[in-house]
file input.txt (compact mmCIF, C-alpha atoms and all ligand atoms)
# COMPACT_ATOMS: atom_id res chain seq x y z
CA MET A 99 125.93 -65.84 -3.23
CA GLU A 100 125.96 -67.99 -0.08
CA ARG A 101 129.37 -69.48 0.81
CA LYS A 102 128.11 -72.65 2.54
CA HIS A 103 125.90 -75.26 0.87
CA ASP A 104 124.83 -78.85 1.48
CA VAL A 105 126.24 -79.93 -1.90
CA ILE A 106 128.59 -78.35 -4.43
CA VAL A 107 128.40 -79.84 -7.93
CA VAL A 108 131.36 -79.03 -10.19
CA GLY A 109 130.35 -79.21 -13.88
CA GLY A 110 126.93 -78.63 -15.44
CA GLY A 111 126.96 -81.26 -18.23
CA PRO A 112 124.28 -84.00 -18.21
CA SER A 113 125.75 -85.72 -15.13
CA GLY A 114 126.26 -82.56 -13.08
CA ALA A 115 123.03 -80.78 -14.06
CA SER A 116 121.01 -83.94 -13.27
CA CYS A 117 122.86 -84.45 -9.99
CA ALA A 118 122.27 -80.83 -8.91
CA SER A 119 118.56 -80.96 -9.85
CA LEU A 120 117.97 -84.31 -8.12
CA PHE A 121 119.74 -83.24 -4.89
CA ALA A 122 117.68 -80.03 -4.92
CA LEU A 123 114.46 -82.00 -5.52
CA GLY A 124 115.44 -84.07 -2.47
CA GLY A 125 115.52 -80.89 -0.38
CA ALA A 126 119.27 -80.18 -0.37
CA ASN A 127 120.73 -76.70 -0.75
CA VAL A 128 122.91 -76.99 -3.88
CA LEU A 129 125.49 -74.84 -5.67
CA LEU A 130 126.29 -75.81 -9.28
CA LEU A 131 129.39 -74.31 -10.92
CA ASP A 132 130.52 -74.52 -14.54
CA LYS A 133 133.50 -72.85 -16.15
CA GLU A 134 131.51 -72.24 -19.36
CA HIS A 135 128.40 -70.20 -20.14
CA PHE A 136 125.36 -72.12 -21.38
CA PRO A 137 124.36 -72.86 -24.07
CA ARG A 138 127.80 -74.31 -24.80
CA ASP A 139 128.77 -77.10 -27.18
CA LYS A 140 130.25 -80.48 -26.23
CA VAL A 141 131.73 -82.80 -28.87
CA CYS A 142 129.55 -85.93 -28.81
CA GLY A 143 127.60 -88.34 -31.00
CA ASP A 144 124.43 -86.77 -29.52
CA ALA A 145 122.67 -90.14 -29.08
CA ILE A 146 120.69 -90.20 -25.84
CA GLY A 147 120.01 -93.83 -24.98
CA GLY A 148 117.12 -95.40 -23.10
CA LYS A 149 119.13 -95.46 -19.87
CA ALA A 150 118.85 -91.66 -19.62
CA LEU A 151 115.08 -91.58 -19.95
CA ASN A 152 114.09 -92.22 -16.32
CA VAL A 153 116.04 -89.25 -15.01
CA LEU A 154 114.99 -87.10 -17.99
CA ALA A 155 111.34 -87.93 -17.27
CA ARG A 156 111.72 -87.02 -13.57
CA LEU A 157 113.21 -83.67 -14.54
CA GLY A 158 110.55 -82.92 -17.18
CA VAL A 159 113.19 -82.88 -19.93
CA GLU A 160 111.87 -85.98 -21.73
CA ALA A 161 108.56 -84.18 -22.24
CA GLU A 162 110.42 -81.13 -23.56
CA LEU A 163 112.40 -83.28 -26.04
CA LYS A 164 109.12 -84.79 -27.28
CA GLU A 165 107.32 -81.43 -27.48
CA LYS A 166 110.15 -79.86 -29.45
CA GLY A 167 110.10 -82.81 -31.85
CA PHE A 168 113.70 -83.98 -31.48
CA GLN A 169 114.62 -87.04 -33.52
CA ARG A 170 113.63 -90.36 -31.89
CA SER A 171 115.95 -93.32 -32.51
CA SER A 172 113.53 -95.80 -34.01
CA GLY A 173 116.13 -98.58 -34.13
CA ILE A 174 119.78 -99.56 -34.13
CA VAL A 175 121.61 -100.81 -37.21
CA PHE A 176 124.85 -102.72 -36.69
CA SER A 177 127.02 -103.79 -39.61
CA SER A 178 130.07 -106.03 -39.63
CA PRO A 179 133.31 -105.56 -41.64
CA ASN A 180 132.02 -107.94 -44.35
CA GLY A 181 128.89 -105.81 -44.78
CA THR A 182 126.36 -107.98 -42.93
CA GLU A 183 123.72 -105.71 -41.40
CA VAL A 184 121.25 -106.27 -38.58
CA GLU A 185 118.48 -103.84 -37.73
CA ILE A 186 116.99 -103.90 -34.23
CA PRO A 187 113.78 -101.87 -33.97
CA LEU A 188 113.42 -99.96 -30.70
CA VAL A 189 109.72 -100.15 -30.07
CA GLU A 190 108.93 -98.12 -26.98
CA SER A 191 108.76 -100.21 -23.81
CA LYS A 192 109.11 -103.52 -25.68
CA ASP A 193 111.43 -105.91 -23.79
CA GLY A 194 112.34 -103.08 -21.46
CA MET A 195 113.98 -101.19 -24.37
CA SER A 196 113.11 -97.60 -25.10
CA ALA A 197 113.61 -95.44 -28.14
CA GLY A 198 116.04 -92.69 -27.15
CA PHE A 199 116.66 -89.38 -28.90
CA VAL A 200 119.34 -87.81 -31.02
CA CYS A 201 119.70 -84.17 -29.99
CA LYS A 202 122.63 -81.78 -30.42
CA ARG A 203 124.42 -81.46 -27.09
CA LYS A 204 124.33 -77.68 -27.27
CA GLU A 205 120.54 -77.85 -27.00
CA PHE A 206 120.25 -80.96 -24.81
CA ASP A 207 122.70 -79.77 -22.16
CA HIS A 208 121.06 -76.35 -22.12
CA MET A 209 117.65 -77.92 -21.38
CA LEU A 210 119.11 -79.82 -18.41
CA PHE A 211 121.10 -76.81 -17.23
CA LYS A 212 118.01 -74.55 -17.33
CA ARG A 213 116.17 -77.18 -15.26
CA ALA A 214 118.98 -77.08 -12.66
CA LYS A 215 118.85 -73.27 -12.60
CA LEU A 216 115.23 -73.48 -11.48
CA ALA A 217 116.18 -75.70 -8.56
CA CYS A 218 119.51 -74.48 -7.20
CA ALA A 219 122.14 -71.74 -7.08
CA VAL A 220 124.22 -71.66 -10.28
CA LEU A 221 127.49 -69.94 -11.19
CA GLU A 222 128.57 -69.86 -14.84
CA GLY A 223 132.07 -68.80 -15.87
CA ALA A 224 133.31 -70.18 -12.53
CA GLU A 225 136.24 -72.56 -12.98
CA VAL A 226 137.06 -74.77 -10.01
CA VAL A 227 140.84 -74.65 -9.65
CA ASP A 228 141.34 -76.36 -6.30
CA LEU A 229 139.64 -78.12 -3.41
CA LEU A 230 139.34 -77.02 0.21
CA PHE A 231 140.17 -79.56 2.93
CA GLU A 232 139.27 -79.87 6.61
CA GLY A 233 141.84 -82.34 7.84
CA LYS A 234 141.69 -85.09 5.20
CA ARG A 235 138.06 -84.39 4.21
CA VAL A 236 137.26 -82.45 1.04
CA SER A 237 135.17 -79.58 2.41
CA GLY A 238 134.70 -77.25 -0.56
CA VAL A 239 136.16 -75.68 -3.69
CA LYS A 240 138.17 -72.68 -4.85
CA ALA A 241 136.74 -71.19 -8.02
CA LYS A 242 138.25 -68.67 -10.40
CA MET A 243 135.54 -66.18 -11.28
CA LEU A 244 135.08 -64.12 -14.43
CA ASP A 245 136.71 -61.04 -12.86
CA GLY A 246 139.84 -63.12 -12.10
CA SER A 247 139.17 -63.32 -8.36
CA VAL A 248 139.37 -66.72 -6.62
CA GLN A 249 136.46 -67.42 -4.28
CA GLU A 250 135.92 -70.21 -1.75
CA PHE A 251 132.70 -72.19 -1.23
CA SER A 252 132.22 -74.97 1.31
CA ALA A 253 129.79 -77.89 1.47
CA ASN A 254 128.96 -81.16 3.21
CA LEU A 255 129.66 -82.96 -0.11
CA VAL A 256 131.56 -82.04 -3.29
CA VAL A 257 130.45 -83.80 -6.49
CA GLY A 258 132.97 -83.91 -9.35
CA ALA A 259 130.95 -83.87 -12.57
CA ASP A 260 133.66 -82.03 -14.45
CA GLY A 261 134.24 -84.48 -17.28
CA THR A 262 137.18 -86.46 -18.64
CA LEU A 263 139.97 -84.29 -17.22
CA SER A 264 138.21 -83.79 -13.85
CA THR A 265 139.93 -81.20 -11.67
CA VAL A 266 138.08 -82.61 -8.64
CA ALA A 267 139.51 -86.10 -9.29
CA ARG A 268 143.01 -84.66 -9.80
CA LYS A 269 142.99 -82.47 -6.71
CA ALA A 270 141.50 -85.30 -4.62
CA GLY A 271 144.38 -87.53 -5.79
CA VAL A 272 142.31 -90.22 -7.54
CA PHE A 273 142.84 -89.28 -11.20
CA SER A 274 144.54 -91.71 -13.55
CA THR A 275 144.34 -92.35 -17.25
CA ASN A 276 145.19 -95.38 -19.36
CA ALA A 277 145.24 -95.57 -23.17
CA LYS A 278 143.69 -99.06 -22.97
CA HIS A 279 140.63 -97.66 -21.20
CA ASN A 280 140.22 -94.43 -23.14
CA CYS A 281 138.80 -93.85 -26.59
CA SER A 282 139.42 -90.96 -28.90
CA ALA A 283 136.58 -89.94 -31.19
CA VAL A 284 135.77 -87.27 -33.79
CA ARG A 285 132.44 -86.11 -35.13
CA GLY A 286 131.01 -83.70 -37.69
CA TYR A 287 127.50 -82.51 -38.59
CA TYR A 288 126.56 -83.27 -42.20
CA ASN A 289 123.54 -82.06 -44.12
CA GLY A 290 122.24 -83.77 -47.25
CA VAL A 291 123.01 -87.31 -46.06
CA LEU A 292 120.90 -89.88 -47.91
CA GLY A 293 119.18 -92.95 -46.46
CA LEU A 294 118.49 -91.63 -42.94
CA ARG A 295 115.56 -93.62 -41.57
CA GLY A 296 115.62 -92.70 -37.89
CA ASN A 297 118.03 -95.52 -37.02
CA VAL A 298 121.16 -95.01 -34.97
CA GLU A 299 123.80 -96.69 -37.19
CA ILE A 300 126.99 -98.34 -35.90
CA HIS A 301 129.29 -99.76 -38.57
CA PHE A 302 132.39 -101.84 -37.89
CA LEU A 303 134.29 -101.04 -41.10
CA PRO A 304 137.78 -102.31 -42.07
CA GLU A 305 138.84 -98.64 -42.38
CA CYS A 306 138.29 -97.97 -38.66
CA MET A 307 138.73 -101.36 -37.00
CA PRO A 308 139.02 -102.00 -34.10
CA GLY A 309 136.79 -98.95 -33.61
CA TYR A 310 133.48 -98.07 -35.25
CA PHE A 311 131.95 -95.55 -37.63
CA TRP A 312 128.59 -94.04 -36.68
CA ILE A 313 125.78 -92.19 -38.42
CA PHE A 314 123.27 -90.77 -35.94
CA PRO A 315 120.31 -89.01 -37.60
CA LEU A 316 119.26 -85.57 -36.35
CA SER A 317 116.53 -85.23 -38.99
CA LYS A 318 115.67 -86.79 -42.36
CA THR A 319 118.70 -85.09 -43.96
CA GLU A 320 121.14 -84.09 -41.19
CA ALA A 321 123.32 -86.49 -39.21
CA ASN A 322 126.02 -86.56 -36.60
CA VAL A 323 128.75 -88.63 -38.26
CA GLY A 324 131.82 -89.85 -36.44
CA VAL A 325 134.40 -92.47 -35.69
CA GLY A 326 135.94 -93.68 -32.44
CA MET A 327 138.90 -95.89 -31.54
CA LEU A 328 140.69 -97.05 -28.39
CA LEU A 329 143.62 -94.66 -27.74
CA SER A 330 146.13 -97.51 -27.47
CA ASP A 331 145.03 -98.84 -30.90
CA MET A 332 145.07 -95.34 -32.36
CA PHE A 333 148.66 -94.80 -31.18
CA ALA A 334 149.73 -98.25 -32.40
CA LYS A 335 148.25 -97.61 -35.86
CA LYS A 336 149.35 -93.94 -35.88
CA ALA A 337 145.79 -93.28 -37.04
CA ASN A 338 144.52 -89.79 -37.81
CA LEU A 339 140.83 -90.08 -36.91
CA ARG A 340 139.70 -87.27 -39.22
CA LYS A 341 141.27 -89.14 -42.16
CA VAL A 342 139.82 -92.43 -40.91
CA MET A 343 136.37 -90.83 -40.86
CA GLU A 344 136.79 -89.54 -44.43
CA ALA A 345 137.87 -93.01 -45.52
CA CYS A 346 134.77 -94.54 -43.91
CA MET A 347 132.52 -92.04 -45.69
CA LYS A 348 134.16 -93.02 -48.99
CA ASN A 349 133.70 -96.76 -48.36
CA PRO A 350 131.71 -98.06 -51.37
CA ARG A 351 128.87 -99.07 -49.03
CA PHE A 352 128.37 -95.43 -47.96
CA ALA A 353 129.83 -93.26 -50.71
CA GLY A 354 126.44 -92.75 -52.40
CA ARG A 355 124.92 -91.54 -49.14
CA PHE A 356 127.51 -88.79 -48.71
CA ASP A 357 127.87 -87.71 -52.38
CA SER A 358 126.01 -84.45 -51.87
CA ALA A 359 126.49 -84.14 -48.10
CA ARG A 360 127.89 -80.85 -46.78
CA LEU A 361 129.88 -80.47 -43.54
CA LEU A 362 128.29 -77.91 -41.21
CA GLY A 363 130.93 -76.20 -39.05
CA GLU A 364 134.06 -78.16 -38.19
CA VAL A 365 134.93 -81.74 -37.26
CA GLY A 366 135.66 -81.86 -33.52
CA GLY A 367 137.28 -84.50 -31.33
CA TRP A 368 137.61 -85.43 -27.66
CA ASN A 369 138.41 -88.35 -25.37
CA ILE A 370 136.00 -90.91 -23.92
CA PRO A 371 136.91 -92.46 -20.51
CA LEU A 372 135.64 -96.04 -20.40
CA ALA A 373 134.05 -97.91 -17.51
CA SER A 374 136.49 -100.78 -18.09
CA ALA A 375 139.07 -98.67 -16.19
CA ARG A 376 139.21 -99.39 -12.50
CA ARG A 377 139.45 -96.04 -10.77
CA PRO A 378 138.22 -94.81 -7.38
CA CYS A 379 135.19 -92.57 -7.79
CA ALA A 380 134.60 -91.57 -4.18
CA GLY A 381 136.60 -90.59 -1.11
CA ASN A 382 136.43 -88.50 2.03
CA GLY A 383 133.85 -85.74 1.36
CA PHE A 384 133.57 -86.21 -2.40
CA VAL A 385 132.10 -88.40 -5.14
CA LEU A 386 132.67 -88.40 -8.91
CA VAL A 387 129.91 -88.92 -11.48
CA GLY A 388 129.80 -89.35 -15.28
CA ASP A 389 133.01 -88.93 -17.28
CA ALA A 390 134.83 -87.68 -14.18
CA ALA A 391 134.32 -91.22 -12.80
CA SER A 392 135.22 -92.88 -16.16
CA LEU A 393 131.83 -94.48 -16.70
CA VAL A 394 131.32 -94.70 -20.48
CA ASP A 395 130.06 -98.06 -21.76
CA PRO A 396 133.10 -99.61 -23.56
CA PHE A 397 130.91 -101.43 -26.08
CA SER A 398 128.51 -98.70 -27.19
CA GLY A 399 130.36 -95.51 -26.21
CA GLU A 400 127.28 -94.37 -24.29
CA GLY A 401 128.22 -91.95 -21.54
CA ILE A 402 125.23 -89.64 -21.15
CA GLY A 403 122.84 -92.24 -19.72
CA ASN A 404 125.57 -93.76 -17.53
CA GLY A 405 126.47 -90.30 -16.20
CA MET A 406 122.86 -89.48 -15.36
CA LYS A 407 122.35 -92.86 -13.74
CA SER A 408 125.48 -92.41 -11.59
CA ALA A 409 124.14 -88.98 -10.56
CA SER A 410 120.85 -90.51 -9.44
CA ILE A 411 122.71 -93.22 -7.45
CA ALA A 412 124.77 -90.53 -5.69
CA VAL A 413 121.58 -88.69 -4.73
CA GLU A 414 119.79 -91.86 -3.54
CA THR A 415 122.79 -92.81 -1.42
CA LEU A 416 123.71 -89.45 0.11
CA CYS A 417 120.79 -87.00 0.01
CA THR A 418 119.60 -87.56 3.58
CA VAL A 419 123.08 -87.16 5.06
CA VAL A 420 124.12 -84.04 3.13
CA LYS A 421 121.18 -82.09 4.54
CA ASN A 422 122.40 -82.71 8.09
CA ARG A 423 126.19 -82.82 8.28
CA PRO A 424 129.45 -83.34 6.38
CA VAL A 425 129.52 -86.67 4.57
CA ASN A 426 132.26 -89.00 5.78
CA LYS A 427 134.50 -91.35 3.80
CA GLU A 428 132.48 -94.53 4.46
CA GLU A 429 129.27 -92.82 3.30
CA CYS A 430 130.93 -91.63 0.10
CA LEU A 431 132.29 -95.13 -0.53
CA ALA A 432 128.72 -96.46 -0.19
CA TYR A 433 128.01 -94.55 -3.41
CA GLU A 434 130.82 -96.48 -5.11
CA LEU A 435 129.17 -99.72 -4.05
CA GLY A 436 125.73 -98.35 -5.00
CA LYS A 437 126.96 -98.19 -8.59
CA LEU A 438 127.55 -101.94 -8.62
CA PRO A 439 123.98 -103.09 -9.32
CA PHE A 440 123.85 -100.74 -12.28
CA LEU A 441 127.20 -101.92 -13.68
CA LEU A 442 126.24 -105.53 -13.05
CA ASP A 443 122.98 -104.98 -14.97
CA ILE A 444 125.02 -103.87 -17.98
CA ALA A 445 127.59 -106.66 -17.63
CA ILE A 446 125.14 -109.50 -17.15
CA GLY A 447 122.82 -108.11 -19.84
CA LYS A 448 125.76 -108.37 -22.24
CA ALA A 449 126.67 -111.85 -20.99
CA LYS A 450 123.11 -112.95 -21.73
CA LYS A 451 123.73 -112.16 -25.40
CA SER A 452 127.27 -113.57 -25.66
CA GLU A 453 128.26 -117.19 -25.15
CA LYS A 454 131.92 -116.20 -24.79
CA LEU A 455 131.13 -113.83 -21.93
CA ARG A 456 128.81 -116.40 -20.32
CA ASN A 457 131.60 -118.98 -20.39
CA GLU A 458 134.08 -116.46 -19.02
CA LEU A 459 131.74 -115.59 -16.16
CA ALA A 460 130.95 -119.24 -15.42
CA GLY A 461 134.69 -120.07 -15.60
CA MET A 462 135.54 -117.37 -13.12
CA ILE A 463 132.98 -118.59 -10.65
CA ALA A 464 133.61 -122.31 -11.13
CA SER A 465 137.40 -122.39 -11.31
CA ARG A 466 139.36 -122.54 -8.04
CA GLU A 467 142.10 -120.23 -9.32
CA ALA A 468 139.59 -117.57 -10.27
CA LYS A 469 137.76 -117.69 -6.98
CA ARG A 470 139.52 -114.77 -5.36
CA GLN A 471 138.99 -112.58 -8.40
CA ALA A 472 135.38 -113.67 -8.72
CA MET A 473 134.81 -112.39 -5.17
CA ASP A 474 135.56 -108.93 -6.51
CA PRO A 475 132.55 -107.84 -8.59
CA LEU A 476 134.45 -104.92 -10.12
CA PHE A 477 136.95 -107.40 -11.57
CA VAL A 478 134.11 -109.37 -13.13
CA ILE A 479 132.67 -106.20 -14.62
CA ARG A 480 136.01 -105.14 -16.02
CA LEU A 481 136.48 -108.51 -17.69
CA LEU A 482 132.97 -108.60 -19.07
CA LEU A 483 133.16 -105.11 -20.40
CA SER A 484 136.68 -105.27 -21.81
C1 LIG A 501 133.10 -87.83 -30.08
C2 LIG A 501 132.27 -88.36 -28.92
C3 LIG A 501 131.06 -88.97 -29.18
C4 LIG A 501 130.25 -89.41 -28.14
N1 LIG A 501 129.03 -89.92 -28.42
C5 LIG A 501 128.18 -90.24 -27.43
C6 LIG A 501 126.85 -90.60 -27.72
O1 LIG A 501 126.40 -90.58 -28.87
N2 LIG A 501 126.05 -90.94 -26.68
C7 LIG A 501 126.48 -90.93 -25.39
O2 LIG A 501 125.70 -91.27 -24.49
N3 LIG A 501 127.74 -90.54 -25.08
C8 LIG A 501 128.59 -90.18 -26.07
N4 LIG A 501 129.85 -89.72 -25.76
C9 LIG A 501 130.25 -89.62 -24.35
C10 LIG A 501 129.60 -88.38 -23.71
O3 LIG A 501 129.91 -87.22 -24.47
C11 LIG A 501 130.05 -88.18 -22.27
O4 LIG A 501 130.00 -89.42 -21.61
C12 LIG A 501 129.17 -87.16 -21.54
O5 LIG A 501 129.36 -85.88 -22.08
C13 LIG A 501 129.48 -87.16 -20.05
O6 LIG A 501 128.75 -86.12 -19.43
P1 LIG A 501 129.33 -85.41 -18.12
O7 LIG A 501 128.26 -84.48 -17.67
O8 LIG A 501 129.85 -86.42 -17.21
O9 LIG A 501 130.60 -84.57 -18.64
P2 LIG A 501 130.67 -83.37 -19.67
O10 LIG A 501 129.56 -83.44 -20.64
O11 LIG A 501 132.06 -83.37 -20.20
O12 LIG A 501 130.44 -82.07 -18.78
C14 LIG A 501 131.45 -81.62 -17.90
C15 LIG A 501 131.15 -80.16 -17.56
O13 LIG A 501 132.09 -79.75 -16.58
C16 LIG A 501 132.56 -78.44 -16.87
N5 LIG A 501 133.89 -78.32 -16.25
C17 LIG A 501 135.02 -78.99 -16.57
N6 LIG A 501 136.02 -78.63 -15.75
C18 LIG A 501 135.50 -77.73 -14.90
C19 LIG A 501 136.05 -76.99 -13.81
N7 LIG A 501 137.34 -77.12 -13.45
N8 LIG A 501 135.26 -76.12 -13.14
C20 LIG A 501 133.96 -75.96 -13.50
N9 LIG A 501 133.39 -76.63 -14.52
C21 LIG A 501 134.15 -77.51 -15.21
C22 LIG A 501 132.59 -78.39 -18.39
O14 LIG A 501 132.53 -77.05 -18.86
C23 LIG A 501 131.33 -79.20 -18.74
O15 LIG A 501 130.20 -78.38 -18.86
C24 LIG A 501 130.69 -89.28 -26.79
C25 LIG A 501 131.92 -88.67 -26.51
C26 LIG A 501 132.71 -88.21 -27.57
C27 LIG A 501 134.02 -87.50 -27.26

call {"tool": "encode", "arguments": {"input": "input.txt", "output": "structure tokens", "more": "lines below"}}
Ligand SMILES: Cc1cc2nc3c(=O)[nH]c(=O)nc-3n(C[C@H](O)[C@H](O)[C@H](O)COP(=O)(O)OP(=O)(O)OC[C@H]3O[C@@H](n4cnc5c(N)ncnc54)[C@H](O)[C@@H]3O)c2cc1C
result
Amino acid sequence: MERKHDVIVVGGGPSGASCASLFALGGANVLLLDKEHFPRDKVCGDAIGGKALNVLARLGVEAELKEKGFQRSSGIVFSSPNGTEVEIPLVESKDGMSAGFVCKRKEFDHMLFKRAKLACAVLEGAEVVDLLFEGKRVSGVKAKMLDGSVQEFSANLVVGADGTLSTVARKAGVFSTNAKHNCSAVRGYYNGVLGLRGNVEIHFLPECMPGYFWIFPLSKTEANVGVGMLLSDMFAKKANLRKVMEACMKNPRFAGRFDSARLLGEVGGWNIPLASARRPCAGNGFVLVGDAASLVDPFSGEGIGNGMKSASIAVETLCTVVKNRPVNKEECLAYELGKLPFLLDIAIGKAKKSEKLRNELAGMIASREAKRQAMDPLFVIRLLLS
């Protein structure tokens, strides 16, 4: 294994595997490390939204998902606490919307990881435990290998794609967490669920407010079922999410659908770092992508597509430089700014559908007091997404 690469990517989930593949496609010499061995599971709702499809198509994984017949999401159903339901069909390419997929993460992540293995050097069972520095610049990583040895690898750029608890973010000194910008969520796989029609279902039930209950179909009878809530609300309510999920399944509107459903395996839970948090996601010699950068959509809980999009922005911004020399702080910060158009697309797309958000945005721009804040696009995004 070479010790010096153009790029080191830490973490081979959807964000890291995409980032490694795209850098390699751009001609960079890449090392991808993950502490696990693939296929490995990741607790998730397994819904892959339209935002992920461009990168998946470029990597040939969209075609593989279609060939293997994974469940398409034919629409989204939202229901309110009083039981009002709306169904939005996701006709492919209509109004720029695309039907995504629902695919167990164990299989989905493995497809992306195998794609990365074709394009770059990969180490599994290699846990990054520290960063290397040259002066103030992050210049590589220290990884604990399977045999217990700690090995050093250096690169022109280190990408932290190592999820919610990112070691790269911690060791680079930019990690922070806030219960108001973090969700907790649990999910289980259930067979024998009735009424699955290919729709991704999001239900705002009294049992789980202010969070939501989801039913994401994996086939005509199996579904990923879960519930998520903001950590600060969960602490305030002393809520046990497993019990909340059971209560949702027993809600009279759903009880019939779960009467003969059987839990496959165990209910698992994990945290979801939301994009409403304002956290640095780049610095001297490193960038963070996906959950490591806290990029999950606070409204929908979608993190896979956002992670893959952030990976593609990092590659667009930095691929030419990494092939020639170490990336400096200003170049890494250009990635942080490169994310703005994508975040603004989400924020303004939401404002288009909500009068309250439109007024808030207009107020910020029109009012004198708000002028300084309105100059800061990240502040606008945070407000719109909160
Ligand atoms: C219950 C739940 C439901 C969700 N539902 C959805 C959904 O339906 N749709 C959606 O889009 N998003 C959903 N999300 C969010 C989504 O799971 C994440 O946003 C997504 O996994 C982010 O991908 P990632 O590649 O950034 O990180 P991860 O998928 O977490 O991958 C990080 C990788 O880094 C590796 N790693 C970690 N530390 C190290 C280290 N020190 N050294 C080496 N490797 C390391 C890990 O082994 C892992 O493979 C959900 C999350 C939860 C918890």

call {"tool": "closest_residue", "arguments": {"input": "input.txt", "among": "A:Ala224, A:Val159, A:Ala409, A:Leu292", "to": "ligand LIG 501 (chain A)", "atoms": "only C-alpha atoms and all ligand atoms"}}
result
A:Ala224

call {"tool": "closest_atom_pairs", "arguments": {"input": "input.txt", "of": "chain A", "to": "ligand LIG 501 (chain A)", "cutoff": "6 Å", "atoms": "all atoms listed in the file", "output": "JSON lines"}}
result
{"residue": "A:Val108", "atom": "CA", "partner": "A:LIG501", "partner_atom": "C20", "distance": 5.2}
{"residue": "A:Gly109", "atom": "CA", "partner": "A:LIG501", "partner_atom": "O13", "distance": 3.3}
{"residue": "A:Gly110", "atom": "CA", "partner": "A:LIG501", "partner_atom": "O15", "distance": 4.7}
{"residue": "A:Gly111", "atom": "CA", "partner": "A:LIG501", "partner_atom": "O7", "distance": 3.5}
{"residue": "A:Pro112", "atom": "CA", "partner": "A:LIG501", "partner_atom": "O7", "distance": 4.0}
{"residue": "A:Ser113", "atom": "CA", "partner": "A:LIG501", "partner_atom": "O7", "distance": 3.8}
{"residue": "A:Gly114", "atom": "CA", "partner": "A:LIG501", "partner_atom": "O7", "distance": 5.4}
{"residue": "A:Leu131", "atom": "CA", "partner": "A:LIG501", "partner_atom": "C20", "distance": 5.5}
{"residue": "A:Asp132", "atom": "CA", "partner": "A:LIG501", "partner_atom": "N9", "distance": 3.6}
{"residue": "A:Lys133", "atom": "CA", "partner": "A:LIG501", "partner_atom": "C20", "distance": 4.1}
{"residue": "A:Glu134", "atom": "CA", "partner": "A:LIG501", "partner_atom": "O14", "distance": 4.9}
{"residue": "A:Val141", "atom": "CA", "partner": "A:LIG501", "partner_atom": "C1", "distance": 5.4}
{"residue": "A:Cys142", "atom": "CA", "partner": "A:LIG501", "partner_atom": "C3", "distance": 3.4}
{"residue": "A:Gly143", "atom": "CA", "partner": "A:LIG501", "partner_atom": "O1", "distance": 3.3}
{"residue": "A:Asp144", "atom": "CA", "partner": "A:LIG501", "partner_atom": "O1", "distance": 4.3}
{"residue": "A:Ala145", "atom": "CA", "partner": "A:LIG501", "partner_atom": "O1", "distance": 3.8}
{"residue": "A:Ile146", "atom": "CA", "partner": "A:LIG501", "partner_atom": "O2", "distance": 5.3}
{"residue": "A:Ala224", "atom": "CA", "partner": "A:LIG501", "partner_atom": "C20", "distance": 5.9}
{"residue": "A:Glu225", "atom": "CA", "partner": "A:LIG501", "partner_atom": "N8", "distance": 3.7}
{"residue": "A:Val226", "atom": "CA", "partner": "A:LIG501", "partner_atom": "N8", "distance": 3.9}
{"residue": "A:Val227", "atom": "CA", "partner": "A:LIG501", "partner_atom": "N7", "distance": 5.7}
{"residue": "A:Ala259", "atom": "CA", "partner": "A:LIG501", "partner_atom": "O8", "distance": 5.4}
{"residue": "A:Asp260", "atom": "CA", "partner": "A:LIG501", "partner_atom": "O13", "distance": 3.5}
{"residue": "A:Gly261", "atom": "CA", "partner": "A:LIG501", "partner_atom": "O11", "distance": 3.8}
{"residue": "A:Ser264", "atom": "CA", "partner": "A:LIG501", "partner_atom": "N6", "distance": 5.9}
{"residue": "A:Thr265", "atom": "CA", "partner": "A:LIG501", "partner_atom": "N7", "distance": 5.2}
{"residue": "A:Ala283", "atom": "CA", "partner": "A:LIG501", "partner_atom": "C1", "distance": 4.2}
{"residue": "A:Val284", "atom": "CA", "partner": "A:LIG501", "partner_atom": "C1", "distance": 4.6}
{"residue": "A:Arg285", "atom": "CA", "partner": "A:LIG501", "partner_atom": "C1", "distance": 5.4}
{"residue": "A:Gly367", "atom": "CA", "partner": "A:LIG501", "partner_atom": "C1", "distance": 5.5}
{"residue": "A:Trp368", "atom": "CA", "partner": "A:LIG501", "partner_atom": "C27", "distance": 4.2}
{"residue": "A:Asn369", "atom": "CA", "partner": "A:LIG501", "partner_atom": "C27", "distance": 4.9}
{"residue": "A:Ile370", "atom": "CA", "partner": "A:LIG501", "partner_atom": "C27", "distance": 5.2}
{"residue": "A:Gly388", "atom": "CA", "partner": "A:LIG501", "partner_atom": "O8", "distance": 3.5}
{"residue": "A:Asp389", "atom": "CA", "partner": "A:LIG501", "partner_atom": "O8", "distance": 4.0}
{"residue": "A:Ala390", "atom": "CA", "partner": "A:LIG501", "partner_atom": "O8", "distance": 6.0}
{"residue": "A:Val394", "atom": "CA", "partner": "A:LIG501", "partner_atom": "O4", "distance": 5.6}
{"residue": "A:Gly399", "atom": "CA", "partner": "A:LIG501", "partner_atom": "C8", "distance": 5.6}
{"residue": "A:Glu400", "atom": "CA", "partner": "A:LIG501", "partner_atom": "O2", "distance": 3.5}
{"residue": "A:Gly401", "atom": "CA", "partner": "A:LIG501", "partner_atom": "O4", "distance": 3.1}
{"residue": "A:Ile402", "atom": "CA", "partner": "A:LIG501", "partner_atom": "O2", "distance": 3.7}
{"residue": "A:Gly403", "atom": "CA", "partner": "A:LIG501", "partner_atom": "O2", "distance": 5.6}
{"residue": "A:Gly405", "atom": "CA", "partner": "A:LIG501", "partner_atom": "O8", "distance": 5.2}

call {"tool": "residues_around", "arguments": {"input": "input.txt", "residues": "A:Leu431", "least_positions_apart": "4", "cutoff": "10 Å", "atoms": "only C-alpha atoms", "output": "ChimeraX atom specification"}}
result
/A:378-385,415,426-427,435-436
